Amino acid sequence: MTPEAQLADALQTARDTHFDAGGAACDYAALVASRERGQLAACLFELEGFDVRRAHIPAQMAFWINVFNAGVLRDAPELEVASSARQVQGIFERPRLRIGTHPYSLDDIEHGLLRGNVPKQGRLRAPMGRDDPRLEYMPILFDERMHFAVHSACRSSPPLRVFDGGKLDSQLEEAAADYLRRTVSVERQGAVIVLPRLFRWFAADFGGESGIVEFVVARIDDEALVEMVDRRQGRVKLKYNDFDWRLNSK
């Protein structure tokens with residue numbers, strides 16, 4: 001089994017063992033001292049000798065998402081004792097993974113590689129400089145649905161999922177549709193759409209407000225709600241829920 005496959009398998013086992021059925025809440029007390037967390041740590045350690053260029057191009061996005069999510073679970077004890085959003089952000093900003101010959105923070109993976117090396121919310125600089133050799137490993141195409149794939153272990157985070165390069169498109173679509181189904185509401189006869197905070201933080205990734213509306217409405221199952229929004233002909237107000245940074249403990 002390849003190192004990336006071993007990591008995906010270990011991540012799936014941790015999800016099956018310690019998370020609820022939907023992957024949204026985790027028994028961290030059990031995870032921290034578990035064999036499954038130890039296996040995740042071992043798989044991440046093995047990646048220190050891994051050449052990312054060996055991974056097939058279509059699988060690179062799935063690989064980096066799984067690395068990100070595994071890093072979050074491995075380092076759950078730090079997140080568990082974080083007492084503020086700033087402390088959580090600090091955990092994501094510090095280098096804590098080594099893939100091949102390079103160190104990575106969780107932000108390096110999320111904003112540097114998966115988002116095309118653009119600044120995170122509240123920052124002016126991209127995570128990586130223009131001549132950073134890690135940019136060679138950036139997936140060729142950006143897919144805004146990656147926002148629903150990275151799991152930050154917070155209560156407002158998308159659920160934990162494990163991704164397969166051969167099934168990536170359908171898995172990303174399922175992740176996006178499921179998260180929107182649980183977090184989006186339409187109010188005032190289609191005049192207001194209430195959204196998760198990530199749409200405000202990463203509005204440019206979705207093409208601005210008009211792109212956000214198009215993205216969300218395309219994934220609303222209720223045809224009556226879709227018709228109400230469509231009748232507004234773009235005259236729709238967007239409201240954003242607060243992001244809950246607390247750990248998503250069971």
# chains A, B, ... in the order shown; residues from 1 in each chain; ligands from 1
>>> residues_around(residues="Ile65 (chain A)", least_positions_apart="3", cutoff="10 Å", atoms="only C-alpha atoms", output="ChimeraX atom specification")
/A:8,60-62,68-71,109-110,113-114,146-147,149-151,161-164
>>> closest_atom_pairs(of="region 73-175 of chain A", to="region 185-207 of chain A", cutoff="10 Å", atoms="only C-alpha atoms", output="CSV")
residue,atom,partner,partner_atom,distance
A:Arg115,CA,A:Asp205,CA,8.1
A:Gly116,CA,A:Asp205,CA,10.0
A:Val118,CA,A:Asp205,CA,9.9
A:Pro119,CA,A:Phe202,CA,9.9
A:Lys120,CA,A:Trp201,CA,8.1
A:Gln121,CA,A:Trp201,CA,5.6
A:Gly122,CA,A:Trp201,CA,8.5
A:Phe142,CA,A:Asp205,CA,9.0
A:Asp143,CA,A:Asp205,CA,8.7
A:Glu144,CA,A:Asp205,CA,6.0
A:Arg145,CA,A:Phe206,CA,9.2
A:His147,CA,A:Leu198,CA,7.9
A:Phe148,CA,A:Leu198,CA,9.4
A:Ser156,CA,A:Pro196,CA,8.0
A:Ser157,CA,A:Leu198,CA,9.3
>>> write_last_selection(atoms="N, CA, C and O atoms", output="PDB file, in the first residue's frame")
ATOM      1  N   ARG A 115      -5.701  26.650  -1.891  1.00  0.00           N
ATOM      2  CA  ARG A 115      -6.368  27.875  -2.346  1.00  0.00           C
ATOM      3  C   ARG A 115      -5.536  28.651  -3.363  1.00  0.00           C
ATOM      4  O   ARG A 115      -5.932  29.750  -3.780  1.00  0.00           O
ATOM      5  N   GLY A 116      -4.416  28.118  -3.783  1.00  0.00           N
ATOM      6  CA  GLY A 116      -3.635  28.804  -4.811  1.00  0.00           C
ATOM      7  C   GLY A 116      -2.716  29.876  -4.276  1.00  0.00           C
ATOM      8  O   GLY A 116      -2.398  30.845  -4.975  1.00  0.00           O
ATOM      9  N   VAL A 118      -2.992  32.241  -1.659  1.00  0.00           N
ATOM     10  CA  VAL A 118      -3.576  33.558  -1.413  1.00  0.00           C
ATOM     11  C   VAL A 118      -3.703  33.743   0.097  1.00  0.00           C
ATOM     12  O   VAL A 118      -3.744  32.767   0.854  1.00  0.00           O
ATOM     13  N   PRO A 119      -3.761  34.993   0.578  1.00  0.00           N
ATOM     14  CA  PRO A 119      -3.805  35.225   2.028  1.00  0.00           C
ATOM     15  C   PRO A 119      -5.056  34.614   2.665  1.00  0.00           C
ATOM     16  O   PRO A 119      -6.123  34.559   2.060  1.00  0.00           O
ATOM     17  N   LYS A 120      -4.910  34.181   3.910  1.00  0.00           N
ATOM     18  CA  LYS A 120      -6.059  33.734   4.686  1.00  0.00           C
ATOM     19  C   LYS A 120      -6.818  34.969   5.177  1.00  0.00           C
ATOM     20  O   LYS A 120      -6.331  36.098   5.056  1.00  0.00           O
ATOM     21  N   GLN A 121      -7.989  34.745   5.720  1.00  0.00           N
ATOM     22  CA  GLN A 121      -8.774  35.854   6.238  1.00  0.00           C
ATOM     23  C   GLN A 121      -8.002  36.616   7.312  1.00  0.00           C
ATOM     24  O   GLN A 121      -7.359  36.037   8.175  1.00  0.00           O
ATOM     25  N   GLY A 122      -8.001  37.953   7.178  1.00  0.00           N
ATOM     26  CA  GLY A 122      -7.321  38.785   8.154  1.00  0.00           C
ATOM     27  C   GLY A 122      -5.834  38.949   7.927  1.00  0.00           C
ATOM     28  O   GLY A 122      -5.146  39.589   8.727  1.00  0.00           O
ATOM     29  N   PHE A 142      -7.753  25.031  -9.093  1.00  0.00           N
ATOM     30  CA  PHE A 142      -8.400  25.379  -7.829  1.00  0.00           C
ATOM     31  C   PHE A 142      -9.859  24.941  -7.882  1.00  0.00           C
ATOM     32  O   PHE A 142     -10.543  25.115  -8.885  1.00  0.00           O
ATOM     33  N   ASP A 143     -10.338  24.387  -6.801  1.00  0.00           N
ATOM     34  CA  ASP A 143     -11.737  23.990  -6.694  1.00  0.00           C
ATOM     35  C   ASP A 143     -12.273  24.550  -5.383  1.00  0.00           C
ATOM     36  O   ASP A 143     -11.844  24.151  -4.304  1.00  0.00           O
ATOM     37  N   GLU A 144     -13.209  25.510  -5.492  1.00  0.00           N
ATOM     38  CA  GLU A 144     -13.721  26.168  -4.297  1.00  0.00           C
ATOM     39  C   GLU A 144     -14.404  25.212  -3.320  1.00  0.00           C
ATOM     40  O   GLU A 144     -14.546  25.511  -2.123  1.00  0.00           O
ATOM     41  N   ARG A 145     -14.760  24.038  -3.787  1.00  0.00           N
ATOM     42  CA  ARG A 145     -15.396  23.070  -2.895  1.00  0.00           C
ATOM     43  C   ARG A 145     -14.429  22.506  -1.857  1.00  0.00           C
ATOM     44  O   ARG A 145     -14.856  21.845  -0.907  1.00  0.00           O
ATOM     45  N   HIS A 147     -13.210  24.066   0.411  1.00  0.00           N
ATOM     46  CA  HIS A 147     -13.580  24.667   1.693  1.00  0.00           C
ATOM     47  C   HIS A 147     -14.477  23.748   2.525  1.00  0.00           C
ATOM     48  O   HIS A 147     -14.525  23.892   3.756  1.00  0.00           O
ATOM     49  N   PHE A 148     -15.171  22.845   1.878  1.00  0.00           N
ATOM     50  CA  PHE A 148     -16.081  21.943   2.584  1.00  0.00           C
ATOM     51  C   PHE A 148     -15.428  20.585   2.849  1.00  0.00           C
ATOM     52  O   PHE A 148     -16.075  19.674   3.347  1.00  0.00           O
ATOM     53  N   SER A 156     -18.113  24.754  13.922  1.00  0.00           N
ATOM     54  CA  SER A 156     -18.633  25.243  12.639  1.00  0.00           C
ATOM     55  C   SER A 156     -17.911  24.644  11.438  1.00  0.00           C
ATOM     56  O   SER A 156     -18.203  24.994  10.293  1.00  0.00           O
ATOM     57  N   SER A 157     -16.970  23.748  11.702  1.00  0.00           N
ATOM     58  CA  SER A 157     -16.202  23.132  10.616  1.00  0.00           C
ATOM     59  C   SER A 157     -17.055  22.151   9.828  1.00  0.00           C
ATOM     60  O   SER A 157     -17.956  21.506  10.379  1.00  0.00           O
TER      61      SER A 157
END
>>> closest_residue(among="A:Arg219, A:Arg35, A:Lys237, A:Arg125", to="Val184 (chain A)", atoms="only C-alpha atoms")
A:Arg219
>>> select_by_dssp(residues="region 58-150 of chain A", states="strand (DSSP E)", output="VMD selection string")
chain A and resid 97 to 99 102 to 104
>>> select_by_dssp(residues="region 4-200 of chain A", states="alpha helix (DSSP H)", output="NGL selection string")
:A and (4-18 or 28-32 or 35-46 or 60-74 or 76-81 or 85-93 or 106-107 or 168-183 or 198-200)
>>> residues_around(residues="Ala10 (chain A)", least_positions_apart="4", cutoff="8 Å", atoms="only C-alpha atoms", output="list in words")
Gln6, Ala14, Glu36, Gln39, Leu40 and Cys43 of chain A
>>> atom_distance(atom1="CA of Asp222 (chain A)", atom2="CA of Leu160 (chain A)")
25.6 Å
>>> residues_around(residues="Asp16 (chain A)", least_positions_apart="3", cutoff="12 Å", atoms="only C-alpha atoms", output="MDAnalysis selection string")
chainID A and resid 9:13 19:27 31 36 160:162
>>> atom_distance(atom1="CA of Gly112 (chain A)", atom2="CA of Ala126 (chain A)")
6.9 Å
>>> residues_around(residues="Glu80 (chain A)", least_positions_apart="2", cutoff="10 Å", atoms="only C-alpha atoms", output="list in words")
Tyr28, Ala29, Val32, Asp75, Ala76, Pro77, Glu78, Ala82, Ser83, Val88, Ala153, Cys154, Arg246, Leu247, Asn248 and Ser249 of chain A
>>> write_last_selection(atoms="N, CA, C and O atoms", output="CSV table (one decimal), in the first residue's frame")
chain,number,residue,atom,x,y,z
A,28,TYR,N,-12.9,13.2,21.7
A,28,TYR,CA,-11.5,13.5,21.8
A,28,TYR,C,-10.8,12.8,23.0
A,28,TYR,O,-9.6,12.5,22.9
A,29,ALA,N,-11.5,12.6,24.1
A,29,ALA,CA,-10.9,12.0,25.2
A,29,ALA,C,-10.4,10.6,24.8
A,29,ALA,O,-9.3,10.1,25.3
A,32,VAL,N,-7.4,10.9,21.9
A,32,VAL,CA,-6.0,11.3,22.2
A,32,VAL,C,-5.1,10.2,22.6
A,32,VAL,O,-3.9,10.2,22.3
A,75,ASP,N,-2.9,16.5,16.2
A,75,ASP,CA,-2.6,17.5,17.1
A,75,ASP,C,-3.8,18.0,17.9
A,75,ASP,O,-3.9,19.1,18.4
A,76,ALA,N,-4.9,17.2,18.0
A,76,ALA,CA,-6.1,17.5,18.7
A,76,ALA,C,-5.8,18.0,20.1
A,76,ALA,O,-6.6,18.8,20.6
A,77,PRO,N,-4.8,17.4,20.9
A,77,PRO,CA,-4.6,17.8,22.2
A,77,PRO,C,-4.4,19.3,22.3
A,77,PRO,O,-4.8,20.0,23.3
A,78,GLU,N,-3.6,19.9,21.4
A,78,GLU,CA,-3.4,21.3,21.4
A,78,GLU,C,-4.7,22.1,21.2
A,78,GLU,O,-4.9,23.1,21.8
A,82,ALA,N,-6.9,25.0,23.6
A,82,ALA,CA,-7.0,26.3,23.1
A,82,ALA,C,-8.2,27.0,23.7
A,82,ALA,O,-9.3,26.5,23.7
A,83,SER,N,-8.0,28.2,24.2
A,83,SER,CA,-9.1,28.9,24.9
A,83,SER,C,-9.6,30.1,24.1
A,83,SER,O,-10.5,30.8,24.6
A,88,VAL,N,-6.4,29.1,18.5
A,88,VAL,CA,-6.6,28.1,17.5
A,88,VAL,C,-5.9,28.6,16.2
A,88,VAL,O,-5.3,27.7,15.5
A,153,ALA,N,-11.8,20.8,13.2
A,153,ALA,CA,-12.2,20.3,14.5
A,153,ALA,C,-12.9,21.3,15.3
A,153,ALA,O,-13.0,21.2,16.5
A,154,CYS,N,-13.5,22.4,14.7
A,154,CYS,CA,-14.3,23.3,15.3
A,154,CYS,C,-15.8,23.0,15.1
A,154,CYS,O,-16.1,22.3,14.2
A,246,ARG,N,-15.2,26.6,19.1
A,246,ARG,CA,-15.0,25.6,20.1
A,246,ARG,C,-14.8,24.2,19.5
A,246,ARG,O,-15.4,23.9,18.4
A,247,LEU,N,-14.1,23.4,20.2
A,247,LEU,CA,-13.9,22.0,19.7
A,247,LEU,C,-15.2,21.3,19.6
A,247,LEU,O,-16.1,21.3,20.4
A,248,ASN,N,-15.2,20.5,18.5
A,248,ASN,CA,-16.5,19.8,18.2
A,248,ASN,C,-16.5,18.4,18.9
A,248,ASN,O,-16.6,17.4,18.3
A,249,SER,N,-16.5,18.5,20.2
A,249,SER,CA,-16.5,17.3,21.0
A,249,SER,C,-17.9,16.7,21.1
A,249,SER,O,-18.9,17.5,21.0
>>> atom_distance(atom1="CA of Arg181 (chain A)", atom2="CA of Val216 (chain A)")
9.5 Å
>>> closest_atom_pairs(of="region 15-54 of chain A", to="region 130-141 of chain A", cutoff="12 Å", atoms="only C-alpha atoms", output="JSON lines")
{"residue": "A:Asp51", "atom": "CA", "partner": "A:Tyr137", "partner_atom": "CA", "distance": 9.9}
{"residue": "A:Val52", "atom": "CA", "partner": "A:Tyr137", "partner_atom": "CA", "distance": 6.8}
{"residue": "A:Arg53", "atom": "CA", "partner": "A:Tyr137", "partner_atom": "CA", "distance": 7.1}
{"residue": "A:Arg54", "atom": "CA", "partner": "A:Tyr137", "partner_atom": "CA", "distance": 10.5}
>>> decode(residues="region 232-245 of chain A", atoms="N, CA and C atoms", output="compact mmCIF listing (two decimals), in the first residue's frame")
# COMPACT_ATOMS: atom_id res chain seq x y z
N ARG A 232 -36.16 37.19 -7.20
CA ARG A 232 -35.53 38.44 -6.75
C ARG A 232 -34.57 39.01 -7.78
N GLN A 233 -34.22 38.20 -8.78
CA GLN A 233 -33.34 38.64 -9.88
C GLN A 233 -32.05 39.29 -9.35
N GLY A 234 -31.45 38.63 -8.38
CA GLY A 234 -30.18 39.11 -7.85
C GLY A 234 -30.30 40.07 -6.69
N ARG A 235 -31.49 40.53 -6.38
CA ARG A 235 -31.67 41.48 -5.26
C ARG A 235 -31.85 40.68 -3.97
N VAL A 236 -30.75 40.07 -3.56
CA VAL A 236 -30.75 39.19 -2.40
C VAL A 236 -29.68 39.67 -1.43
N LYS A 237 -30.06 39.73 -0.14
CA LYS A 237 -29.11 40.12 0.90
C LYS A 237 -28.51 38.86 1.52
N LEU A 238 -27.21 38.91 1.74
CA LEU A 238 -26.53 37.78 2.37
C LEU A 238 -26.20 38.11 3.83
N LYS A 239 -26.54 37.20 4.72
CA LYS A 239 -26.19 37.31 6.13
C LYS A 239 -25.30 36.12 6.50
N TYR A 240 -24.38 36.36 7.42
CA TYR A 240 -23.40 35.32 7.75
C TYR A 240 -23.46 34.99 9.24
N ASN A 241 -23.58 33.72 9.54
CA ASN A 241 -23.56 33.28 10.92
C ASN A 241 -22.15 33.42 11.50
N ASP A 242 -22.07 33.56 12.80
CA ASP A 242 -20.77 33.55 13.47
C ASP A 242 -20.14 32.16 13.34
N PHE A 243 -18.82 32.14 13.38
CA PHE A 243 -18.08 30.87 13.35
C PHE A 243 -17.81 30.44 14.78
N ASP A 244 -18.18 29.22 15.11
CA ASP A 244 -17.98 28.68 16.45
C ASP A 244 -16.65 27.94 16.49
N TRP A 245 -15.65 28.52 17.16
CA TRP A 245 -14.31 27.96 17.19
C TRP A 245 -14.13 26.88 18.25
